[in-house]
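Participant: Structure file target.txt (compact mmCIF, C-alpha atoms (C1' of nucleotides)) is given on the next line.
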```
# COMPACT_ATOMS: atom_id res chain seq x y z
CA MET M 173 0.00 0.00 0.00
CA PRO M 174 1.74 3.10 -1.21
CA GLU M 175 2.33 5.87 1.31
CA LEU M 176 4.81 8.76 1.15
CA PRO M 177 8.02 6.67 1.01
CA GLU M 178 6.59 4.34 -1.64
CA VAL M 179 5.27 7.20 -3.78
CA GLU M 180 8.60 9.03 -3.45
CA THR M 181 10.42 5.86 -4.55
CA VAL M 182 8.16 5.46 -7.57
CA VAL M 183 8.64 9.11 -8.58
CA ARG M 184 12.42 8.85 -8.24
CA SER M 185 12.52 5.65 -10.28
CA ILE M 186 10.58 6.96 -13.27
CA SER M 187 11.35 10.71 -13.34
CA GLY M 188 14.49 10.35 -15.41
CA HIS M 189 12.59 8.42 -18.06
CA LEU M 190 9.71 10.85 -18.38
CA VAL M 191 10.83 14.45 -17.96
CA GLY M 192 11.29 16.12 -21.34
CA LYS M 193 9.41 13.37 -23.21
CA ARG M 194 6.38 13.83 -25.42
CA ILE M 195 3.30 11.64 -25.07
CA VAL M 196 2.63 10.14 -28.51
CA ASN M 197 -0.35 7.96 -27.57
CA ALA M 198 -2.63 7.30 -24.60
CA ARG M 199 -4.89 4.30 -23.99
CA PHE M 200 -7.40 3.57 -21.24
CA SER M 201 -9.27 0.43 -20.29
CA SER M 202 -11.18 1.92 -17.40
CA ASN M 203 -13.42 4.94 -16.99
CA ARG M 204 -12.99 4.69 -13.26
CA VAL M 205 -9.34 5.74 -13.03
CA THR M 206 -10.01 8.92 -15.01
CA ARG M 207 -13.20 9.64 -13.04
CA GLY M 208 -14.90 10.59 -16.26
CA ASP M 209 -14.50 10.66 -20.00
CA HIS M 210 -11.25 8.91 -20.76
CA ALA M 211 -11.44 9.81 -24.44
CA ALA M 212 -11.18 13.48 -23.45
CA THR M 213 -8.31 12.64 -21.12
CA GLY M 214 -6.50 10.98 -24.00
CA THR M 215 -7.09 13.96 -26.26
CA ALA M 216 -5.68 16.27 -23.61
CA LEU M 217 -2.60 14.12 -23.07
CA ILE M 218 -1.56 13.16 -26.60
CA GLY M 219 1.07 15.55 -27.87
CA ALA M 220 1.82 17.00 -24.44
CA THR M 221 5.39 17.18 -23.16
CA ILE M 222 6.29 16.31 -19.58
CA THR M 223 8.14 19.17 -17.93
CA ASP M 224 8.49 17.92 -14.36
CA ILE M 225 7.21 15.40 -11.83
CA GLU M 226 6.25 16.47 -8.33
CA ARG M 227 5.05 14.63 -5.26
CA ARG M 228 2.97 16.04 -2.46
CA GLY M 229 2.08 13.52 0.19
CA LYS M 230 0.79 10.52 -1.74
CA GLN M 231 -0.16 12.60 -4.78
CA ILE M 232 1.87 12.52 -7.97
CA TRP M 233 1.67 15.52 -10.29
CA ILE M 234 3.07 14.91 -13.74
CA CYS M 235 3.47 18.47 -15.02
CA LEU M 236 2.84 18.99 -18.72
CA ASP M 237 3.35 21.92 -21.04
CA ARG M 238 -0.45 22.18 -21.20
CA GLY M 239 -1.71 21.12 -17.78
CA PHE M 240 -1.23 18.38 -15.22
CA LEU M 241 -1.67 14.64 -15.02
CA TYR M 242 -2.73 13.78 -11.48
CA VAL M 243 -1.84 10.26 -10.38
CA HIS M 244 -2.85 8.68 -7.10
CA LEU M 245 -1.87 5.06 -6.57
CA GLY M 246 -4.66 4.38 -4.10
CA MET M 247 -4.20 0.93 -2.57
CA THR M 248 -2.86 -1.12 -5.42
CA GLY M 249 -1.80 1.32 -8.14
CA LYS M 250 1.52 0.93 -9.93
CA LEU M 251 3.32 3.11 -12.43
CA LEU M 252 5.57 0.89 -14.51
CA TRP M 253 8.11 1.93 -17.09
CA ASN M 254 8.08 -0.58 -19.97
CA GLY M 255 6.12 -3.07 -17.90
CA LYS M 256 4.09 -5.90 -19.36
CA PRO M 257 0.45 -4.90 -19.97
CA GLY M 258 -1.98 -7.19 -18.17
CA LYS M 259 -5.49 -7.70 -16.88
CA TYR M 260 -5.19 -4.76 -14.47
CA THR M 261 -3.60 -2.22 -16.78
CA ARG M 262 -5.99 0.74 -16.59
CA ALA M 263 -4.05 3.29 -18.61
CA SER M 264 -0.88 3.50 -20.67
CA LEU M 265 1.11 6.35 -22.19
CA ASP M 266 3.38 5.75 -25.16
CA PHE M 267 6.59 7.68 -25.71
CA ASP M 268 9.10 7.38 -28.54
CA ASP M 269 11.35 5.25 -26.38
CA GLY M 270 8.96 3.37 -24.11
CA THR M 271 5.62 3.06 -22.35
CA LEU M 272 4.34 4.07 -18.95
CA LEU M 273 1.67 1.73 -17.58
CA PHE M 274 -0.80 2.44 -14.81
CA ASP M 275 -1.81 -0.90 -13.29
CA ASP M 276 -4.37 -0.98 -10.50
CA ILE M 277 -6.11 -4.11 -9.26
CA ARG M 278 -8.67 -2.48 -7.00
CA THR M 279 -9.16 0.73 -8.97
CA PHE M 280 -8.91 2.99 -5.93
CA GLY M 281 -6.24 4.87 -7.84
CA ARG M 282 -6.62 7.87 -10.12
CA PHE M 283 -5.11 8.94 -13.40
CA GLU M 284 -6.68 12.26 -14.32
CA PHE M 285 -5.93 15.30 -16.43
CA PHE M 286 -6.32 18.78 -14.95
CA GLY M 287 -5.90 22.07 -16.78
CA ALA M 288 -4.65 23.67 -13.59
CA LYS M 289 -3.30 22.25 -10.36
CA GLU M 290 -5.72 24.31 -8.29
CA ASN M 291 -8.54 22.12 -9.58
CA ALA M 292 -7.29 19.17 -7.58
CA LEU M 293 -9.82 17.62 -5.29
CA GLY M 294 -9.53 17.92 -1.58
CA ARG M 295 -7.13 20.15 0.24
CA VAL M 296 -3.98 18.50 1.44
CA GLY M 297 -1.88 19.62 4.34
CA PRO M 298 1.89 20.13 4.33
CA ASP M 299 4.09 17.26 3.22
CA ALA M 300 4.96 14.96 6.13
CA LEU M 301 8.61 14.75 5.12
CA THR M 302 9.27 18.49 5.01
CA VAL M 303 6.81 19.97 7.52
CA SER M 304 8.60 21.98 10.21
CA ALA M 305 8.27 21.02 13.86
CA GLN M 306 6.65 24.38 14.54
CA GLU M 307 3.96 23.96 11.92
CA PHE M 308 3.35 20.34 12.95
CA LEU M 309 2.87 21.40 16.56
CA SER M 310 0.54 24.29 15.85
CA ARG M 311 -1.63 22.19 13.52
CA LEU M 312 -1.75 19.33 16.02
CA LYS M 313 -3.03 21.62 18.78
CA GLU M 314 -6.10 22.50 16.73
CA ARG M 315 -7.17 18.90 16.30
CA ARG M 316 -9.49 17.17 18.69
CA GLY M 317 -9.55 13.63 17.32
CA ARG M 318 -7.39 10.66 18.23
CA ILE M 319 -3.78 11.05 17.19
CA LYS M 320 -3.83 8.02 14.88
CA ALA M 321 -6.86 9.31 12.99
CA VAL M 322 -5.34 12.79 12.78
CA LEU M 323 -2.07 11.45 11.34
CA LEU M 324 -4.05 9.58 8.68
CA SER M 325 -5.99 12.69 7.69
CA GLN M 326 -4.40 14.07 4.52
CA SER M 327 -5.87 17.50 5.22
CA PHE M 328 -3.81 17.61 8.41
CA LEU M 329 -0.63 16.21 6.94
CA ALA M 330 0.04 14.73 3.51
CA GLY M 331 1.71 11.38 3.05
CA VAL M 332 1.25 9.32 6.21
CA GLY M 333 -0.83 6.16 5.87
CA ASN M 334 -1.60 3.26 8.14
CA ILE M 335 1.87 1.70 8.21
CA TYR M 336 3.88 4.82 9.02
CA ALA M 337 1.29 6.18 11.44
CA ASP M 338 1.62 3.02 13.54
CA GLU M 339 5.42 2.99 13.29
CA ALA M 340 5.80 6.69 14.15
CA LEU M 341 3.49 6.40 17.17
CA PHE M 342 5.44 3.40 18.44
CA ALA M 343 8.75 5.21 18.05
CA ALA M 344 7.35 8.23 19.91
CA ARG M 345 5.78 5.94 22.57
CA ILE M 346 2.35 7.50 22.09
CA HIS M 347 -0.87 5.49 22.35
CA PRO M 348 -2.82 5.62 19.05
CA ARG M 349 -5.99 6.61 20.93
CA ALA M 350 -4.35 9.60 22.65
CA MET M 351 -6.18 12.84 21.91
CA ALA M 352 -4.12 14.82 19.38
CA GLY M 353 -4.69 18.30 20.78
CA ARG M 354 -3.82 17.26 24.31
CA LEU M 355 -0.34 15.89 23.70
CA SER M 356 2.37 17.79 25.54
CA GLU M 357 4.73 19.90 23.47
CA ALA M 358 7.61 17.53 24.21
CA ARG M 359 5.66 14.47 23.05
CA SER M 360 4.38 16.27 19.95
CA ARG M 361 7.93 17.32 19.12
CA ARG M 362 9.13 13.77 19.54
CA LEU M 363 6.35 12.48 17.30
CA HIS M 364 7.37 14.92 14.59
CA SER M 365 11.04 13.97 14.71
CA GLU M 366 10.36 10.21 14.85
CA MET M 367 7.90 10.49 11.96
CA VAL M 368 10.40 12.33 9.74
CA LYS M 369 13.14 9.88 10.73
CA ILE M 370 11.01 6.84 9.87
CA LEU M 371 9.81 8.26 6.55
CA SER M 372 13.41 9.08 5.58
CA GLU M 373 14.61 5.66 6.63
CA ALA M 374 11.81 4.01 4.64
CA ILE M 375 12.76 6.00 1.52
CA ARG M 376 16.35 4.77 1.93
CA HIS M 377 14.94 1.23 1.92
CA LYS M 378 12.78 2.00 -1.13
CA GLY M 379 9.55 1.69 0.83
CA SER M 380 7.60 -1.18 2.34
CA SER M 381 6.39 -3.99 0.08
CA ILE M 382 3.53 -5.43 2.12
CA SER M 383 1.22 -6.80 -0.54
CA ASP M 384 2.19 -5.98 -4.08
CA TYR M 385 3.87 -2.59 -3.93
CA VAL M 386 6.77 -2.17 -6.39
CA ASP M 387 8.57 0.83 -7.86
CA GLY M 388 8.56 1.94 -11.51
CA PHE M 389 10.73 -0.99 -12.51
CA GLY M 390 8.93 -3.70 -10.57
CA GLU M 391 11.45 -3.65 -7.70
CA ARG M 392 10.22 -4.35 -4.19
CA GLY M 393 11.17 -2.26 -1.17
CA SER M 394 12.64 -3.73 2.00
CA PHE M 395 11.42 -1.52 4.85
CA GLN M 396 8.72 -4.06 5.75
CA GLN M 397 11.51 -6.08 7.35
CA LEU M 398 12.10 -3.22 9.77
CA HIS M 399 8.48 -2.72 10.90
CA LYS M 400 8.30 -2.85 14.66
CA VAL M 401 4.53 -2.95 15.20
CA TYR M 402 2.68 -2.83 11.86
CA GLY M 403 1.51 -6.35 11.04
CA GLN M 404 3.31 -7.71 14.11
CA THR M 405 0.20 -8.66 16.12
CA GLY M 406 1.03 -11.24 18.79
CA LYS M 407 4.78 -10.89 18.34
CA PRO M 408 6.95 -9.51 21.16
CA CYS M 409 7.56 -5.77 21.26
CA PRO M 410 11.19 -5.20 20.17
CA SER M 411 11.56 -2.80 23.08
CA CYS M 412 9.92 -4.56 26.07
CA GLY M 413 8.76 -7.99 24.91
CA THR M 414 5.05 -7.40 25.55
CA GLU M 415 2.80 -8.83 22.85
CA ILE M 416 1.94 -6.34 20.12
CA ARG M 417 -1.81 -5.75 20.10
CA ARG M 418 -4.21 -4.95 17.26
CA ILE M 419 -7.15 -2.61 17.81
CA VAL M 420 -9.29 -0.46 15.53
CA VAL M 421 -8.88 3.32 15.60
CA GLY M 422 -10.68 5.49 13.10
CA GLN M 423 -11.92 2.40 11.25
CA ARG M 424 -8.33 1.30 10.63
CA GLY M 425 -6.41 -1.67 11.92
CA THR M 426 -3.92 -0.30 14.44
CA HIS M 427 -0.88 -2.05 15.89
CA TYR M 428 0.82 -0.95 19.08
CA CYS M 429 2.61 -2.00 22.24
CA PRO M 430 0.24 -1.69 25.22
CA ARG M 431 3.16 -1.25 27.59
CA CYS M 432 5.43 1.17 25.72
CA GLN M 433 2.73 3.39 24.28
CA ARG M 434 0.79 5.53 26.73
CA VAL M 435 -2.18 7.84 26.30
C1' DA D 30 -16.61 23.34 11.04
C1' DT D 31 -15.21 19.05 12.62
C1' DC D 32 -15.59 14.37 13.46
C1' DT D 33 -17.40 9.61 12.34
C1' DA D 34 -19.35 6.02 9.48
C1' DT D 35 -20.05 4.24 4.88
C1' DT D 36 -18.73 3.24 0.30
C1' DC D 37 -15.94 1.88 -3.56
C1' DC D 38 -12.99 -2.74 -5.18
C1' DT D 39 -10.78 -7.50 -5.63
C1' DG D 40 -7.17 -10.92 -4.24
C1' DG D 41 -6.23 -13.70 -0.50
C1' DC D 42 -7.40 -16.08 3.41
C1' DT D 43 -10.44 -18.91 6.61
C1' DG D 44 -13.78 -22.30 7.56
C1' DC D 45 -17.29 -25.47 6.30
C1' DT R 9 -12.35 -28.60 -4.57
C1' DG R 10 -15.46 -25.06 -4.12
C1' DC R 11 -17.50 -21.36 -2.29
C1' DA R 12 -19.40 -18.04 1.03
C1' DG R 13 -17.88 -14.63 4.03
C1' DC R 14 -14.69 -11.63 5.70
C1' DC R 15 -10.52 -8.70 5.59
C1' DA R 16 -7.09 -5.21 3.88
C1' DG R 17 -7.43 0.37 3.41
C1' DG R 18 -7.06 5.81 0.70
C1' DA R 19 -10.11 9.07 0.49
C1' DA R 20 -14.63 10.93 -1.28
C1' DT R 21 -19.00 11.28 0.52
C1' DA R 22 -22.84 11.49 3.56
C1' DG R 23 -24.47 11.95 8.02
C1' DA R 24 -24.18 13.64 13.01
```
What's the structure tokens form of this structure?
Facilitator:
Amino acid sequence: MPELPEVETVVRSISGHLVGKRIVNARFSSNRVTRGDHAATGTALIGATITDIERRGKQIWICLDRGFLYVHLGMTGKLLWNGKPGKYTRASLDFDDGTLLFDDIRTFGRFEFFGAKENALGRVGPDALTVSAQEFLSRLKERRGRIKAVLLSQSFLAGVGNIYADEALFAARIHPRAMAGRLSEARSRRLHSEMVKILSEAIRHKGSSISDYVDGFGERGSFQQLHKVYGQTGKPCPSCGTEIRRIVVGQRGTHYCPRCQRV
DNA sequence: ATCTATTCCTGGCTGC
DNA sequence: TGCAGCCAGGAATAGA
């Protein structure tokens, strides 16, 4: 499941192959990924030249000389350079020297053209990797929900998903059900620094390949081997040995150590 | 305005 | 072997 480190890894892997290239053809096999008329999307894309690729949180913005291609990988989306088209290929862009595929089993992903970036749906908060401690703290104070749910909210902070929320809360020794706005300044500060550290570390390991996440060349990440609580239900806490527990917070499976992490 | 529950989707797993 | 039923979750949407 792609979160900030996985999306960053994908962007890094394909950027060099796309920037400066002209789209010579576009094909779609799903109306769902374009959230509308995919023929119009194709018309808008064919002939456009890619000028840059940006990431904000989990969003990918492929900047064109005539607009923007917004890509969100959702749960199972993949961008593959010169991959093999298959049953789940929802869109593909041809270039003179290769093809970019958008594969997505569960079709939670998006592959949409926008004339302007401002048209993007939903406001997203600052990027989790680059947000300053000061901004993180002041935004956290305004929130009244549980810290786990707040971390998952892209309007609060862009890029953190279920895996890295659990891992960051464990590292900061904060209980996932703690109320966000009531955390002390010291604990909030620690959460910020642990979160940035974990996201950076995960990028160095090319992300976490839990189910079928791969980068633009089909390569798996390795950070899943370093998860301390996510998916570790019943296993001993690496810090104190207590069994890792699984609860539900904000409708999401949540893994934590009941001894190390306090409200 | 802010928070919570529901919905979309399909492969993989469990249990009968 | 097959199949029903459930689970995973990002984020838009509806409801409180």
Participant: Go through region 404-433 of chain M and flag each residue having an atom no more than 10 Å from chain R; for those, report the closest pair of atoms plus their distance in Å to one decimal, using all atoms listed in the file, ordered by chain and rising number, as JSON lines.
Facilitator:
```
{"residue": "M:Gln423", "atom": "CA", "partner": "R:DG17", "partner_atom": "C1'", "distance": 9.3}
{"residue": "M:Arg424", "atom": "CA", "partner": "R:DG17", "partner_atom": "C1'", "distance": 7.3}
{"residue": "M:Gly425", "atom": "CA", "partner": "R:DG17", "partner_atom": "C1'", "distance": 8.8}
```
Participant: Grab the residues selected above and save them as a PDB file, in the coordinates of the input with C-alpha atoms.
Facilitator:
```pdb
ATOM      1  CA  GLN M 423     -11.920   2.400  11.250  1.00  0.00           C
ATOM      2  CA  ARG M 424      -8.330   1.300  10.630  1.00  0.00           C
ATOM      3  CA  GLY M 425      -6.410  -1.670  11.920  1.00  0.00           C
TER       4      GLY M 425
END
```
Participant: Smallest atom-to-atom distance to chain R: which of M:Ile335, M:Leu190, M:Ile419, M:Ile370, using all atoms listed in the file?
Facilitator: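 Smallest separation from chain R among the options: M:Ile335.
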Participant: What does the structure give for the distance between CA of Val368 (chain M) and CA of Arg228 (chain M), in Å to one decimal?
Facilitator: 14.8 Å
Participant: Here is a test: counting all atoms listed in the file, which residue of M:Gly246, M:Gly353, M:Gly388, M:Pro348 is nearest to Val435 (chain M)?
Facilitator: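 Closest residue, counting all atoms listed in the file: M:Pro348.
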Participant: Just want the 10 Å neighbourhood of Gly422 (chain M), counted on all atoms listed in the file, with same-chain residues fewer than 4 positions away dropped. Output as a PDB file with C-alpha atoms (C1' of nucleotides), keeping the file's coordinate frame.
Facilitator:
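Saved file out.pdb follows:
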```pdb
ATOM      1  CA  GLY M 317      -9.550  13.630  17.320  1.00  0.00           C
ATOM      2  CA  ARG M 318      -7.390  10.660  18.230  1.00  0.00           C
ATOM      3  CA  ILE M 319      -3.780  11.050  17.190  1.00  0.00           C
ATOM      4  CA  LYS M 320      -3.830   8.020  14.880  1.00  0.00           C
ATOM      5  CA  ALA M 321      -6.860   9.310  12.990  1.00  0.00           C
ATOM      6  CA  VAL M 322      -5.340  12.790  12.780  1.00  0.00           C
ATOM      7  CA  LEU M 324      -4.050   9.580   8.680  1.00  0.00           C
ATOM      8  CA  PRO M 348      -2.820   5.620  19.050  1.00  0.00           C
ATOM      9  CA  ARG M 349      -5.990   6.610  20.930  1.00  0.00           C
ATOM     10  CA  THR M 426      -3.920  -0.300  14.440  1.00  0.00           C
TER      11      THR M 426
ATOM     12  C1'  DT D  33     -17.400   9.610  12.340  1.00  0.00           C
ATOM     13  C1'  DA D  34     -19.350   6.020   9.480  1.00  0.00           C
TER      14       DA D  34
END
```
Participant: Show me, as a list in words, every residue of chain M with an atom at most 10 Å from chain R, counting only C-alpha atoms (C1' of nucleotides).
Facilitator: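 Putting it all together, I get Met173, Pro174, Glu175, Lys230, His244, Leu245, Gly246, Met247, Phe280, Gly281, Leu293, Gly294, Leu324, Ser325, Gln326, Gly333, Asn334, Ser383, Gln423, Arg424 and Gly425 of chain M.
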Participant: Could you save the residues just selected, with C-alpha atoms, as a CSV table (one decimal), in the coordinates of the input?
Facilitator:
```csv
chain,number,residue,atom,x,y,z
M,173,MET,CA,0.0,0.0,0.0
M,174,PRO,CA,1.7,3.1,-1.2
M,175,GLU,CA,2.3,5.9,1.3
M,230,LYS,CA,0.8,10.5,-1.7
M,244,HIS,CA,-2.8,8.7,-7.1
M,245,LEU,CA,-1.9,5.1,-6.6
M,246,GLY,CA,-4.7,4.4,-4.1
M,247,MET,CA,-4.2,0.9,-2.6
M,280,PHE,CA,-8.9,3.0,-5.9
M,281,GLY,CA,-6.2,4.9,-7.8
M,293,LEU,CA,-9.8,17.6,-5.3
M,294,GLY,CA,-9.5,17.9,-1.6
M,324,LEU,CA,-4.0,9.6,8.7
M,325,SER,CA,-6.0,12.7,7.7
M,326,GLN,CA,-4.4,14.1,4.5
M,333,GLY,CA,-0.8,6.2,5.9
M,334,ASN,CA,-1.6,3.3,8.1
M,383,SER,CA,1.2,-6.8,-0.5
M,423,GLN,CA,-11.9,2.4,11.2
M,424,ARG,CA,-8.3,1.3,10.6
M,425,GLY,CA,-6.4,-1.7,11.9
```
Participant: Kindly determine which residues of chain M lie within 7 Å of chain D, considering only C-alpha atoms (C1' of nucleotides), and give the answer as a list in words.
Facilitator: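 Every residue of chain M that passes the 7 Å test is in Ile277, Arg278 and Thr279 of chain M.
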Participant: Mind checking which residues fall within 12 Å of Asp268 (chain M), counting only C-alpha atoms (C1' of nucleotides), ignoring those fewer than 6 positions away in the same chain, and posting them as a list in words?
Facilitator: His189, Leu190, Gly192, Lys193, Arg194, Ile195, Val196, Asn197, Gly219, Thr221 and Asn254 of chain M
Participant: I'd like the neighbourhood of Ser372 (chain M) as a PDB file with C-alpha atoms, in the coordinates of the input, where a residue qualifies if any of its atoms comes within 12 Å (using only C-alpha atoms (C1' of nucleotides)), though same-chain residues fewer than 4 positions away should be ignored.
Facilitator:
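For reference, part02.pdb as written:
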```pdb
ATOM      1  CA  LEU M 176       4.810   8.760   1.150  1.00  0.00           C
ATOM      2  CA  PRO M 177       8.020   6.670   1.010  1.00  0.00           C
ATOM      3  CA  GLU M 178       6.590   4.340  -1.640  1.00  0.00           C
ATOM      4  CA  GLU M 180       8.600   9.030  -3.450  1.00  0.00           C
ATOM      5  CA  THR M 181      10.420   5.860  -4.550  1.00  0.00           C
ATOM      6  CA  ALA M 300       4.960  14.960   6.130  1.00  0.00           C
ATOM      7  CA  LEU M 301       8.610  14.750   5.120  1.00  0.00           C
ATOM      8  CA  THR M 302       9.270  18.490   5.010  1.00  0.00           C
ATOM      9  CA  TYR M 336       3.880   4.820   9.020  1.00  0.00           C
ATOM     10  CA  ALA M 340       5.800   6.690  14.150  1.00  0.00           C
ATOM     11  CA  SER M 365      11.040  13.970  14.710  1.00  0.00           C
ATOM     12  CA  GLU M 366      10.360  10.210  14.850  1.00  0.00           C
ATOM     13  CA  MET M 367       7.900  10.490  11.960  1.00  0.00           C
ATOM     14  CA  VAL M 368      10.400  12.330   9.740  1.00  0.00           C
ATOM     15  CA  ARG M 376      16.350   4.770   1.930  1.00  0.00           C
ATOM     16  CA  HIS M 377      14.940   1.230   1.920  1.00  0.00           C
ATOM     17  CA  LYS M 378      12.780   2.000  -1.130  1.00  0.00           C
ATOM     18  CA  GLY M 379       9.550   1.690   0.830  1.00  0.00           C
ATOM     19  CA  PHE M 395      11.420  -1.520   4.850  1.00  0.00           C
TER      20      PHE M 395
END
```
Participant: Would you mind reading off the distance between CA of Ala288 (chain M) and CA of Leu323 (chain M), one decimal, in Å?
Facilitator: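 Computing the Euclidean distance for CA of Ala288 (chain M) and CA of Leu323 (chain M) yields 27.9 Å.
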Participant: Just want the 12 Å neighbourhood of Cys235 (chain M), counted on only C-alpha atoms (C1' of nucleotides), with same-chain residues fewer than 4 positions away dropped. Output as an NGL selection string.
Facilitator: :M and (187 or 190-194 or 217 or 220-227 or 239-243 or 284-289)
Participant: Here's a test: counting only C-alpha atoms (C1' of nucleotides), identify every protein, DNA and RNA residue with an atom at most 9 Å from (-2.7, 2.7, -23.9) in the file's coordinate frame, and state them as a PyMOL selection string.
Facilitator: chain M and resi 197-201+261-266+271-273
